[in-house]
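Student: Quick one, target.txt (compact mmCIF, C-alpha atoms and all ligand atoms):
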```
# COMPACT_ATOMS: atom_id res chain seq x y z
CA MET A 209 -52.57 -7.53 36.78
CA VAL A 210 -54.24 -10.89 37.34
CA VAL A 211 -56.10 -12.52 34.46
CA GLY A 212 -58.59 -15.34 34.91
CA ASP A 213 -58.78 -18.43 32.74
CA ARG A 214 -61.47 -16.80 30.57
CA GLY A 215 -59.18 -13.92 29.83
CA ASP A 216 -60.93 -11.44 32.16
CA ILE A 217 -59.00 -8.91 34.20
CA GLN A 218 -59.52 -9.80 37.85
CA PHE A 219 -56.98 -7.54 39.47
CA VAL A 220 -55.06 -4.55 38.23
CA ASN A 221 -52.83 -2.01 39.96
CA GLN A 222 -52.83 1.74 39.47
CA THR A 223 -49.50 1.82 37.59
CA LEU A 224 -50.79 -0.48 34.89
CA ALA A 225 -54.08 1.42 34.61
CA ASP A 226 -52.10 4.68 34.22
CA MET A 227 -49.84 3.10 31.66
CA PHE A 228 -52.85 2.35 29.46
CA GLY A 229 -54.78 5.53 30.34
CA TYR A 230 -57.77 3.77 32.00
CA SER A 231 -59.20 3.99 35.49
CA LEU A 232 -59.19 0.86 37.63
CA GLU A 233 -62.95 0.50 37.27
CA GLU A 234 -62.76 0.66 33.50
CA LEU A 235 -60.44 -2.33 33.44
CA LEU A 236 -61.74 -4.67 36.12
CA GLY A 237 -63.83 -7.47 34.66
CA LYS A 238 -62.95 -6.54 31.08
CA PRO A 239 -61.27 -8.94 28.65
CA VAL A 240 -57.53 -8.47 28.67
CA GLU A 241 -57.75 -8.06 24.89
CA ILE A 242 -58.80 -4.42 25.18
CA LEU A 243 -55.16 -3.75 26.01
CA LEU A 244 -53.97 -5.29 22.73
CA PRO A 245 -53.91 -3.75 19.25
CA GLU A 246 -56.34 -5.34 16.71
CA GLN A 247 -53.65 -7.04 14.66
CA HIS A 248 -52.38 -8.98 17.61
CA LEU A 249 -55.70 -10.38 18.75
CA ALA A 250 -55.71 -13.57 16.69
CA ALA A 251 -52.18 -14.39 17.67
CA HIS A 252 -53.00 -13.66 21.28
CA ARG A 253 -55.96 -16.03 21.26
CA ARG A 254 -53.83 -18.86 19.91
CA HIS A 255 -51.32 -18.04 22.50
CA VAL A 256 -53.84 -18.18 25.32
CA GLU A 257 -55.11 -21.58 24.14
CA ASN A 258 -51.64 -23.04 24.09
CA TYR A 259 -50.88 -21.47 27.38
CA ALA A 260 -54.03 -22.90 29.01
CA ARG A 261 -52.93 -26.40 27.98
CA ARG A 262 -49.46 -26.05 29.42
CA PRO A 263 -49.26 -23.10 31.78
CA GLU A 264 -45.76 -22.35 32.87
CA PRO A 265 -43.93 -19.26 34.08
CA ARG A 266 -42.50 -17.06 31.39
CA PRO A 267 -39.83 -14.67 32.63
CA MET A 268 -39.59 -11.07 31.52
CA GLY A 269 -37.78 -10.56 28.27
CA ALA A 270 -38.18 -14.19 27.22
CA GLY A 271 -40.82 -13.46 24.60
CA ARG A 272 -41.07 -11.80 21.26
CA ASP A 273 -41.66 -8.06 20.89
CA LEU A 274 -45.15 -7.23 22.11
CA GLU A 275 -47.28 -4.14 21.83
CA GLY A 276 -49.97 -2.65 24.00
CA VAL A 277 -52.64 -0.11 23.02
CA SER A 278 -53.82 2.63 25.35
CA LYS A 279 -57.36 3.92 25.74
CA ASP A 280 -56.70 6.75 23.28
CA GLY A 281 -55.31 4.30 20.66
CA ARG A 282 -51.60 4.98 21.18
CA ARG A 283 -49.52 1.85 20.62
CA PHE A 284 -46.38 1.24 22.59
CA PRO A 285 -43.90 -1.59 23.09
CA VAL A 286 -44.27 -3.64 26.26
CA GLU A 287 -42.43 -6.45 27.86
CA ILE A 288 -44.54 -9.07 29.63
CA GLY A 289 -43.74 -11.69 32.25
CA LEU A 290 -46.30 -14.40 33.08
CA GLN A 291 -46.70 -16.38 36.29
CA PRO A 292 -49.54 -18.97 36.37
CA ALA A 293 -51.21 -19.99 39.63
CA GLN A 294 -53.93 -22.45 40.61
CA THR A 295 -56.87 -21.18 42.72
CA TYR A 296 -60.07 -22.82 43.99
CA SER A 297 -61.95 -21.50 41.03
CA GLY A 298 -59.37 -22.42 38.34
CA TRP A 299 -56.21 -21.02 36.76
CA ILE A 300 -55.16 -17.43 36.99
CA VAL A 301 -52.16 -15.75 35.43
CA VAL A 302 -50.24 -12.97 37.10
CA ALA A 303 -48.99 -10.75 34.27
CA THR A 304 -46.31 -8.13 34.82
CA LEU A 305 -46.02 -5.42 32.15
CA ILE A 306 -43.30 -2.89 31.58
CA ASP A 307 -43.54 -0.01 29.11
CA ILE A 308 -40.27 -0.28 27.14
CA THR A 309 -40.78 2.72 24.85
CA LYS A 310 -37.64 4.43 26.15
CA ARG A 311 -35.53 1.30 25.97
CA LYS A 312 -36.68 0.67 22.38
CA ALA A 313 -35.83 4.24 21.44
CA ILE A 314 -32.36 3.83 22.89
CA GLU A 315 -31.91 0.50 21.12
CA GLU A 316 -32.98 2.12 17.87
CA ARG A 317 -30.52 4.96 18.35
CA LEU A 318 -27.81 2.46 19.13
CA ARG A 319 -28.64 0.50 15.99
CA LYS A 320 -28.50 3.67 13.88
CA HIS A 321 -25.22 4.54 15.51
CA GLU A 322 -23.78 1.15 14.69
CA GLU A 323 -24.97 1.46 11.11
CA ARG A 324 -23.36 4.86 10.82
CA LEU A 325 -20.19 3.49 12.36
CA GLU A 326 -20.07 0.69 9.84
CA GLU A 327 -20.62 3.19 7.05
CA LEU A 328 -17.79 5.32 8.38
CA VAL A 329 -15.45 2.34 8.58
CA ALA A 330 -16.31 1.39 5.01
CA GLU A 331 -15.77 4.97 3.83
CA ARG A 332 -12.48 5.24 5.67
CA THR A 333 -11.26 1.91 4.29
CA TRP A 334 -12.06 3.09 0.80
CA GLU A 335 -10.26 6.38 1.42
CA LEU A 336 -7.21 4.59 2.74
CA ARG A 337 -7.12 2.30 -0.26
CA GLU A 338 -7.42 5.29 -2.56
CA ALA A 339 -4.63 7.08 -0.69
CA GLN A 340 -2.43 4.01 -1.05
CA ARG A 341 -3.13 3.92 -4.80
CA GLU A 342 -2.42 7.63 -5.04
CA LYS A 343 0.86 7.12 -3.19
CA GLU A 344 1.88 4.43 -5.68
CA ARG A 345 1.02 6.72 -8.58
CA VAL A 346 3.02 9.59 -7.09
CA LEU A 347 5.98 7.31 -6.43
CA GLU A 348 5.85 6.06 -10.01
CA HIS A 349 5.97 9.68 -11.21
CA LEU A 350 8.73 10.58 -8.81
CA ILE A 351 10.89 7.67 -9.96
CA GLN A 352 10.39 8.76 -13.53
CA ALA A 353 11.02 12.45 -12.78
CA GLU A 354 14.21 11.66 -10.88
CA LYS A 355 15.35 9.53 -13.77
CA MET A 356 14.79 12.40 -16.15
CA THR A 357 16.83 14.79 -13.97
CA ALA A 358 19.65 12.28 -14.04
CA VAL A 359 19.25 12.00 -17.81
CA GLY A 360 19.55 15.78 -17.99
CA THR A 361 22.96 15.70 -16.34
CA LEU A 362 23.95 12.74 -18.50
CA VAL A 363 23.11 14.34 -21.76
CA SER A 364 25.97 16.84 -21.83
CA GLY A 365 28.48 14.09 -21.11
CA ILE A 366 26.92 11.84 -23.65
CA GLY A 367 27.00 14.66 -26.18
CA HIS A 368 30.79 14.32 -26.22
CA GLU A 369 30.47 10.60 -26.39
CA ILE A 370 28.36 10.89 -29.51
CA ASN A 371 30.24 13.79 -31.05
CA ASN A 372 33.58 12.01 -31.18
CA PRO A 373 32.50 9.02 -33.24
CA LEU A 374 30.16 11.27 -35.23
CA TYR A 375 33.12 13.40 -36.21
CA VAL A 376 34.97 10.29 -37.37
CA VAL A 377 31.92 9.17 -39.34
CA LEU A 378 31.66 12.54 -41.09
CA ALA A 379 35.35 12.76 -41.91
CA THR A 380 35.48 9.17 -43.18
CA ALA A 381 32.35 9.61 -45.28
CA GLU A 382 33.85 12.70 -46.85
CA ALA A 383 37.07 10.84 -47.66
CA LEU A 384 34.95 8.07 -49.11
CA THR A 385 33.33 10.34 -51.69
CA ASP A 386 36.74 11.06 -53.33
CA GLU A 387 38.19 7.59 -52.96
CA GLU A 388 38.55 5.37 -56.00
CA ASP A 389 40.48 2.51 -54.50
CA LEU A 390 37.96 -0.20 -53.67
CA ALA A 391 39.95 -1.73 -50.83
CA ARG A 392 40.19 1.65 -49.13
CA CYS A 393 36.51 2.30 -49.68
CA ARG A 394 35.80 -0.97 -47.89
CA ALA A 395 38.05 0.01 -45.00
CA TYR A 396 36.29 3.40 -44.71
CA GLY A 397 32.94 1.65 -44.80
CA HIS A 398 33.96 -0.61 -41.94
CA GLU A 399 35.19 2.35 -39.94
CA ILE A 400 31.92 4.22 -40.45
CA LEU A 401 29.98 1.13 -39.43
CA LYS A 402 32.04 0.69 -36.27
CA GLN A 403 31.64 4.31 -35.17
CA ALA A 404 27.94 4.41 -36.01
CA LYS A 405 27.37 1.24 -33.97
CA ASP A 406 29.13 2.93 -31.11
CA ILE A 407 26.76 5.88 -31.32
CA ALA A 408 23.77 3.58 -31.56
CA GLU A 409 24.92 1.72 -28.47
CA THR A 410 25.26 4.95 -26.50
CA VAL A 411 21.82 6.15 -27.54
CA LYS A 412 20.31 2.77 -26.78
CA ASN A 413 21.79 2.81 -23.28
CA LEU A 414 20.42 6.23 -22.59
CA SER A 415 16.95 5.56 -23.93
CA GLN A 416 16.75 2.27 -22.06
CA TYR A 417 17.61 4.15 -18.93
CA ALA A 418 15.07 6.91 -19.51
CA GLN A 419 12.25 4.59 -20.45
CA PRO A 420 9.39 4.49 -17.93
CA GLY A 421 8.76 1.07 -16.44
CA ALA A 422 5.42 -0.38 -17.43
CA ARG A 423 3.33 -0.81 -14.31
CA HIS A 424 3.24 -4.57 -14.06
CA ASP A 425 6.11 -5.32 -16.30
CA LEU A 426 8.27 -7.47 -14.08
CA GLN A 427 10.90 -9.54 -15.78
CA ARG A 428 13.61 -11.89 -14.81
CA VAL A 429 16.63 -9.67 -14.52
CA ASP A 430 20.24 -10.72 -14.59
CA ILE A 431 21.68 -8.39 -12.02
CA ASN A 432 25.18 -8.58 -13.50
CA ALA A 433 23.89 -7.43 -16.88
CA SER A 434 22.02 -4.53 -15.22
CA ILE A 435 25.14 -3.50 -13.38
CA ALA A 436 27.21 -3.66 -16.58
CA GLY A 437 24.62 -1.42 -18.27
CA ALA A 438 24.67 1.13 -15.45
CA VAL A 439 28.48 1.13 -15.34
CA ARG A 440 28.69 1.65 -19.10
CA LEU A 441 26.29 4.56 -18.84
CA ALA A 442 28.18 6.06 -15.91
CA ARG A 443 31.55 5.70 -17.65
CA ARG A 444 30.31 7.36 -20.83
CA ALA A 445 28.27 10.07 -19.19
CA LEU A 446 30.51 11.05 -16.35
CA ARG A 447 33.70 10.67 -18.39
CA ASP A 448 35.95 10.96 -15.45
CA ASP A 449 39.39 9.50 -16.13
CA ARG A 450 40.45 9.97 -12.53
CA ILE A 451 37.98 7.40 -11.37
CA GLU A 452 38.25 3.72 -12.00
CA ILE A 453 35.17 1.50 -11.81
CA LYS A 454 35.97 -2.14 -11.10
CA THR A 455 33.34 -4.85 -11.20
CA THR A 456 33.88 -8.31 -9.77
CA THR A 457 30.79 -10.36 -10.38
CA SER A 458 30.01 -13.95 -9.74
CA PRO A 459 27.15 -15.70 -11.53
CA ALA A 460 23.90 -15.10 -9.69
CA PRO A 461 20.32 -16.29 -10.18
CA ASP A 462 17.85 -13.85 -11.72
CA ILE A 463 15.77 -11.47 -9.69
CA LEU A 464 12.26 -10.31 -10.56
CA ALA A 465 12.15 -6.62 -11.37
CA LYS A 466 11.89 -3.93 -13.99
CA PRO A 467 15.37 -3.90 -15.58
CA GLU A 468 15.52 -0.14 -15.99
CA GLU A 469 14.74 0.35 -12.30
CA ILE A 470 17.64 -1.89 -11.30
CA ARG A 471 19.87 0.16 -13.60
CA GLN A 472 18.51 3.30 -11.93
CA VAL A 473 19.41 1.95 -8.48
CA VAL A 474 22.99 1.10 -9.43
CA PHE A 475 23.47 4.23 -11.47
CA ASN A 476 22.31 6.53 -8.65
CA ILE A 477 24.76 4.95 -6.23
CA ILE A 478 27.64 5.18 -8.70
CA ARG A 479 26.76 8.82 -9.39
CA ASN A 480 26.93 9.59 -5.66
CA ALA A 481 30.26 7.76 -5.39
CA ILE A 482 31.74 9.76 -8.25
CA GLN A 483 30.49 12.99 -6.65
CA ALA A 484 32.07 11.94 -3.34
CA ILE A 485 35.51 11.34 -4.84
CA ALA A 486 37.41 14.60 -4.88
CA ASP A 487 40.47 13.54 -6.82
CA LYS A 488 41.58 10.12 -7.96
CA GLY A 489 39.55 7.21 -6.75
CA LEU A 490 38.15 3.76 -7.16
CA ILE A 491 34.62 2.39 -7.19
CA GLU A 492 34.32 -1.34 -6.62
CA ILE A 493 31.19 -3.28 -7.37
CA HIS A 494 30.82 -6.81 -6.21
CA THR A 495 27.94 -9.27 -6.62
CA ALA A 496 27.38 -12.62 -4.96
CA GLN A 497 24.59 -15.01 -4.15
CA GLU A 498 23.91 -15.25 -0.41
CA GLY A 499 21.35 -17.99 0.21
CA ASP A 500 18.02 -16.82 -1.23
CA TRP A 501 19.43 -13.38 -1.92
CA VAL A 502 21.58 -11.69 -4.48
CA ALA A 503 23.85 -9.18 -2.78
CA VAL A 504 25.42 -6.17 -4.48
CA ARG A 505 28.15 -4.22 -2.71
CA ILE A 506 29.20 -0.85 -4.05
CA GLN A 507 32.15 0.70 -2.31
CA ASP A 508 34.04 3.89 -3.08
CA THR A 509 37.17 5.65 -1.89
CA GLY A 510 35.43 9.00 -1.52
CA ALA A 511 34.88 11.26 1.46
CA GLY A 512 32.63 8.78 3.29
CA ILE A 513 29.45 9.62 5.15
CA PRO A 514 29.61 11.21 8.61
CA ASN A 515 28.12 8.84 11.19
CA GLU A 516 25.34 11.29 12.08
CA HIS A 517 24.20 11.26 8.43
CA LEU A 518 24.14 7.49 8.00
CA LYS A 519 20.52 7.19 9.14
CA ARG A 520 19.32 10.10 7.02
CA VAL A 521 20.79 9.52 3.58
CA PHE A 522 17.68 7.64 2.43
CA ASP A 523 15.33 10.43 3.56
CA PRO A 524 13.73 12.42 0.76
CA PHE A 525 15.43 15.78 0.17
CA PHE A 526 18.36 15.00 2.45
CA THR A 527 21.38 16.37 0.68
CA THR A 528 24.73 17.89 1.58
CA LYS A 529 25.20 19.17 -1.95
CA GLY A 530 24.53 22.59 -3.38
CA PRO A 531 21.16 23.34 -5.01
CA ASP A 532 22.55 22.76 -8.51
CA GLU A 533 24.29 19.54 -7.60
CA GLY A 534 21.70 17.49 -5.79
CA GLU A 535 18.09 17.40 -4.74
CA GLY A 536 18.50 14.66 -2.16
CA LEU A 537 16.19 12.34 -4.04
CA GLY A 538 18.66 9.83 -5.48
CA LEU A 539 18.92 7.51 -2.48
CA TYR A 540 15.28 7.98 -1.52
CA ILE A 541 14.28 6.62 -4.92
CA VAL A 542 16.86 3.84 -4.60
CA HIS A 543 15.37 2.86 -1.24
CA GLN A 544 11.81 2.93 -2.56
CA ILE A 545 12.67 0.73 -5.53
CA VAL A 546 14.67 -1.77 -3.48
CA THR A 547 12.00 -2.19 -0.79
CA ARG A 548 9.33 -2.49 -3.45
CA TYR A 549 11.10 -5.61 -4.64
CA ARG A 550 11.22 -6.79 -1.01
CA GLY A 551 14.94 -6.17 -0.93
CA THR A 552 17.06 -4.39 1.66
CA ILE A 553 19.69 -1.67 1.47
CA ASP A 554 22.29 -0.74 4.05
CA VAL A 555 25.03 1.81 4.15
CA GLU A 556 28.21 1.76 6.19
CA ASN A 557 31.58 3.41 6.52
CA PRO A 558 34.16 0.69 5.91
CA ALA A 559 37.44 0.73 7.83
CA GLY A 560 39.53 2.00 4.92
CA GLY A 561 37.37 5.13 4.38
CA GLY A 562 34.77 5.91 1.74
CA ALA A 563 31.23 4.59 1.75
CA ARG A 564 29.80 1.13 1.15
CA PHE A 565 26.25 0.37 0.06
CA VAL A 566 24.96 -3.18 0.34
CA ILE A 567 21.78 -4.12 -1.49
CA ARG A 568 20.07 -7.49 -1.28
CA PHE A 569 17.34 -8.65 -3.64
CA PRO A 570 15.37 -11.86 -3.18
CA ILE A 571 16.09 -14.25 -6.02
CA ALA A 572 13.20 -15.02 -8.38
CA ASP A 573 11.23 -18.12 -7.54
CA GLN A 574 12.09 -20.74 -10.15
CA LYS A 575 8.55 -22.10 -10.57
CA ASN A 576 5.95 -19.38 -10.13
CA ALA A 577 7.89 -16.29 -11.02
CA GLU A 578 4.80 -14.90 -12.75
CA GLU A 579 2.83 -14.57 -9.52
CA GLU A 580 5.48 -12.89 -7.50
CA ARG A 581 4.61 -9.28 -8.07
CA PRO A 582 5.19 -6.52 -5.55
N1 LIG B 1 29.02 7.49 -1.78
C1 LIG B 1 28.77 8.51 -0.96
N2 LIG B 1 29.78 9.11 -0.26
C2 LIG B 1 29.55 10.13 0.57
N3 LIG B 1 28.33 10.66 0.80
C3 LIG B 1 27.28 10.13 0.16
C4 LIG B 1 27.45 9.04 -0.76
N4 LIG B 1 26.23 8.72 -1.22
C5 LIG B 1 25.36 9.57 -0.66
N5 LIG B 1 25.98 10.43 0.17
C6 LIG B 1 25.34 11.47 0.99
O1 LIG B 1 23.94 11.25 1.02
C7 LIG B 1 23.26 12.40 0.56
C8 LIG B 1 21.98 11.97 -0.11
O2 LIG B 1 22.24 11.33 -1.34
P1 LIG B 1 21.15 11.35 -2.48
O3 LIG B 1 21.68 10.60 -3.63
O4 LIG B 1 19.86 10.91 -1.91
O5 LIG B 1 20.98 12.88 -2.81
P2 LIG B 1 21.98 13.82 -3.60
O6 LIG B 1 23.04 13.02 -4.27
O7 LIG B 1 22.43 14.85 -2.63
O8 LIG B 1 21.04 14.49 -4.67
P3 LIG B 1 20.43 13.77 -5.99
O9 LIG B 1 20.80 12.33 -5.93
O10 LIG B 1 18.96 14.00 -5.90
O11 LIG B 1 21.07 14.46 -7.14
C9 LIG B 1 24.22 13.13 -0.31
O12 LIG B 1 23.95 14.50 -0.37
C10 LIG B 1 25.55 12.86 0.42
O13 LIG B 1 25.72 13.71 1.52
MG MG B 2 22.55 11.37 -5.50
```
What would the structure in this file look like if it were written as structure tokens?
Tutor:
Amino acid sequence: MVVGDRGDIQFVNQTLADMFGYSLEELLGKPVEILLPEQHLAAHRRHVENYARRPEPRPMGAGRDLEGVSKDGRRFPVEIGLQPAQTYSGWIVVATLIDITKRKAIEERLRKHEERLEELVAERTWELREAQREKERVLEHLIQAEKMTAVGTLVSGIGHEINNPLYVVLATAEALTDEEDLARCRAYGHEILKQAKDIAETVKNLSQYAQPGARHDLQRVDINASIAGAVRLARRALRDDRIEIKTTTSPAPDILAKPEEIRQVVFNIIRNAIQAIADKGLIEIHTAQEGDWVAVRIQDTGAGIPNEHLKRVFDPFFTTKGPDEGEGLGLYIVHQIVTRYRGTIDVENPAGGGARFVIRFPIADQKNAEEERP
């Protein structure tokens, strides 16, 4: 349509008249404001004044959101382009209007879609985080459960270990009740003390092993001490004279871990080694610092691991043992614990036969050990 400088409609085409529900005659000569909703009139007048002072073309889509109102009062979004022109009788403005109801509806749908998408992403992120937490909880339980199964098999062996000194304690105590010689009484007392300490040590080892690790209870751990603890436990529990366990350690910096989990790692590997040795055999454990790592090598003279199994031994439930002997969880747990401390574990078949496990733990940072939590 063409609008004169007094705001009167001088020319209008059929499409625009249809858009607003008027006939051509109804619009010609009328103020352009009949096409605007009430609320916009004041703003429109200001606009027209400004525009009259500095008329310049305004392309489509360059303005704010505008609304038109049809003859029957229906309001709808429009886009307007303005093109001013000078005539003999003054300024006119050629206004081009497009009904953008459909476009607005699509934009609105798009916006809702985006909102929904963002909601979904947020939901999914939350779910993933929950799943991760759940996984950690399950792993924590699994580690503990596996430990308790191991404790189960230990207990019968340890029963002997406790029974022997207990028998000595009982017999000596009985002798003590009839003894009148003070020097002998003292000697019996010392014997009882020695045996009882032995029992206490065994029980302490076992309960330390069985203890669940507090969730954020990382400590500086001397790997050599952990290994000594695991070896002591294995020796007592598995009571296998045919197998020698030899440890060659060199002083190594501490690592940051839960001590009982490090014992669990070493103990599980020793247990496998003992199970893999059919007759007489040797298990060698060696520690060394390698740069920023502490490396532990555990090698046995057992049957070795067939090459096709090497990649699978850390899988959960992979076992070559009978149902009563193994669940296939030992090395899975070992792997989980080691990687949780950002360590690595490898297995190989050394030239001389048997199996060799190599574990590397990062050494604890000297300064900010407290912050370094997995
Ligand atoms: N030192 C080893 N020598 C030979 N084979 C081994 C050795 N260590 C592990 N394996 C093999 O890896 C498999 C998986 O070991 P893992 O400790 O995970 O389970 P498991 O010992 O069978 O059962 P679990 O430890 O749950 O009692 C074993 O069944 C065995 O075949
Ligand atoms: Mg095992």
Student: Any chance you could tabulate, as JSON lines, the residues of chain A at most 12 Å from ligand MG 2 (chain B) with each one's nearest atom pair and distance in Å to one decimal, using all atoms listed in the file, in chain and rising number order?
Tutor:
```
{"residue": "A:Glu354", "atom": "CA", "partner": "B:MG2", "partner_atom": "MG", "distance": 9.9}
{"residue": "A:Lys355", "atom": "CA", "partner": "B:MG2", "partner_atom": "MG", "distance": 11.1}
{"residue": "A:Thr357", "atom": "CA", "partner": "B:MG2", "partner_atom": "MG", "distance": 10.8}
{"residue": "A:Ala358", "atom": "CA", "partner": "B:MG2", "partner_atom": "MG", "distance": 9.1}
{"residue": "A:Thr361", "atom": "CA", "partner": "B:MG2", "partner_atom": "MG", "distance": 11.7}
{"residue": "A:Gln472", "atom": "CA", "partner": "B:MG2", "partner_atom": "MG", "distance": 11.1}
{"residue": "A:Val473", "atom": "CA", "partner": "B:MG2", "partner_atom": "MG", "distance": 10.4}
{"residue": "A:Val474", "atom": "CA", "partner": "B:MG2", "partner_atom": "MG", "distance": 11.0}
{"residue": "A:Phe475", "atom": "CA", "partner": "B:MG2", "partner_atom": "MG", "distance": 9.4}
{"residue": "A:Asn476", "atom": "CA", "partner": "B:MG2", "partner_atom": "MG", "distance": 5.8}
{"residue": "A:Ile477", "atom": "CA", "partner": "B:MG2", "partner_atom": "MG", "distance": 6.8}
{"residue": "A:Ile478", "atom": "CA", "partner": "B:MG2", "partner_atom": "MG", "distance": 8.6}
{"residue": "A:Arg479", "atom": "CA", "partner": "B:MG2", "partner_atom": "MG", "distance": 6.3}
{"residue": "A:Asn480", "atom": "CA", "partner": "B:MG2", "partner_atom": "MG", "distance": 4.7}
{"residue": "A:Ala481", "atom": "CA", "partner": "B:MG2", "partner_atom": "MG", "distance": 8.5}
{"residue": "A:Ile482", "atom": "CA", "partner": "B:MG2", "partner_atom": "MG", "distance": 9.7}
{"residue": "A:Gln483", "atom": "CA", "partner": "B:MG2", "partner_atom": "MG", "distance": 8.2}
{"residue": "A:Ala484", "atom": "CA", "partner": "B:MG2", "partner_atom": "MG", "distance": 9.8}
{"residue": "A:Val521", "atom": "CA", "partner": "B:MG2", "partner_atom": "MG", "distance": 9.4}
{"residue": "A:Phe522", "atom": "CA", "partner": "B:MG2", "partner_atom": "MG", "distance": 10.0}
{"residue": "A:Asp523", "atom": "CA", "partner": "B:MG2", "partner_atom": "MG", "distance": 11.6}
{"residue": "A:Pro524", "atom": "CA", "partner": "B:MG2", "partner_atom": "MG", "distance": 10.9}
{"residue": "A:Phe525", "atom": "CA", "partner": "B:MG2", "partner_atom": "MG", "distance": 10.1}
{"residue": "A:Phe526", "atom": "CA", "partner": "B:MG2", "partner_atom": "MG", "distance": 9.7}
{"residue": "A:Thr527", "atom": "CA", "partner": "B:MG2", "partner_atom": "MG", "distance": 8.0}
{"residue": "A:Thr528", "atom": "CA", "partner": "B:MG2", "partner_atom": "MG", "distance": 9.9}
{"residue": "A:Lys529", "atom": "CA", "partner": "B:MG2", "partner_atom": "MG", "distance": 9.0}
{"residue": "A:Gly530", "atom": "CA", "partner": "B:MG2", "partner_atom": "MG", "distance": 11.6}
{"residue": "A:Asp532", "atom": "CA", "partner": "B:MG2", "partner_atom": "MG", "distance": 11.8}
{"residue": "A:Glu533", "atom": "CA", "partner": "B:MG2", "partner_atom": "MG", "distance": 8.6}
{"residue": "A:Gly534", "atom": "CA", "partner": "B:MG2", "partner_atom": "MG", "distance": 6.2}
{"residue": "A:Glu535", "atom": "CA", "partner": "B:MG2", "partner_atom": "MG", "distance": 7.5}
{"residue": "A:Gly536", "atom": "CA", "partner": "B:MG2", "partner_atom": "MG", "distance": 6.2}
{"residue": "A:Leu537", "atom": "CA", "partner": "B:MG2", "partner_atom": "MG", "distance": 6.6}
{"residue": "A:Gly538", "atom": "CA", "partner": "B:MG2", "partner_atom": "MG", "distance": 4.2}
{"residue": "A:Leu539", "atom": "CA", "partner": "B:MG2", "partner_atom": "MG", "distance": 6.1}
{"residue": "A:Tyr540", "atom": "CA", "partner": "B:MG2", "partner_atom": "MG", "distance": 9.0}
{"residue": "A:Ile541", "atom": "CA", "partner": "B:MG2", "partner_atom": "MG", "distance": 9.6}
{"residue": "A:Val542", "atom": "CA", "partner": "B:MG2", "partner_atom": "MG", "distance": 9.5}
{"residue": "A:His543", "atom": "CA", "partner": "B:MG2", "partner_atom": "MG", "distance": 11.9}
```
Student: Determine, counting only C-alpha atoms, which protein, DNA and RNA residues have an atom within 7 Å of an atom of A:Ile453; residues of the same chain fewer than 3 positions away are not included. Present the result as a list in words.
Tutor: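 What passes the distance filter is Leu490, Ile491 and Glu492 of chain A.
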Student: For the residues in that selection, give me C-alpha atoms as a PDB file, keeping the file's coordinate frame.
Tutor:
```pdb
ATOM      1  CA  LEU A 490      38.150   3.760  -7.160  1.00  0.00           C
ATOM      2  CA  ILE A 491      34.620   2.390  -7.190  1.00  0.00           C
ATOM      3  CA  GLU A 492      34.320  -1.340  -6.620  1.00  0.00           C
TER       4      GLU A 492
END
```
Student: What does the distance from atom CA of A:Glu257 to atom CA of A:Asp213 come to in Å, to one decimal?
Tutor: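 Those two atoms sit 9.9 Å apart.
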Student: Excluding A:Asp500 and its own-chain neighbours fewer than 6 positions away, which residues fall within 12 Å of it when counting all atoms listed in the file? Please give them as a list in words.
Tutor: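 My list of contacting residues is Ala460, Pro461, Asp462, Ile463, Gly551, Arg568, Phe569, Pro570, Ile571, Ala572, Asp573 and Gln574 of chain A.
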Student: Have a look at A:Leu224, A:Ala313, A:Ala511, A:Ala408 and name the one nearest to ligand LIG 1 (chain B); count all atoms listed in the file.
Tutor: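 Under the stated criterion, the closest residue is A:Ala511.
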Student: In Å to one decimal, how far is atom CA of A:Thr333 from atom CA of A:Arg550?
Tutor: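 Result for atom CA of A:Arg550 versus atom CA of A:Thr333: 24.7 Å, one decimal.
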Student: Show me the residues close to (31.7, 7.2, -39.6) - anything with an atom within 7 Å, counting only C-alpha atoms - and format the list as an MDAnalysis selection string.
Tutor: chainID A and resid 373:374 376:378 380:381 399:401 403:404
Student: Can you report as JSON the centre and edge lengths in Å, to one decimal, of an axis-aligned box around the listed atoms of ligand LIG 1 (chain B) padded with 6 Å on each side?
Tutor:
```
{"center_x": 24.4, "center_y": 11.2, "center_z": -2.8, "size_x": 22.8, "size_y": 19.4, "size_z": 20.7}
```
Student: I need the residue nearest A:Pro514 from this list: A:Ile470, A:Gly562, A:Pro239, A:Ile545. Use all atoms listed in the file for the distance.
Tutor: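 Of A:Ile470, A:Gly562, A:Pro239, A:Ile545, the one nearest A:Pro514 is A:Gly562, counting all atoms listed in the file.
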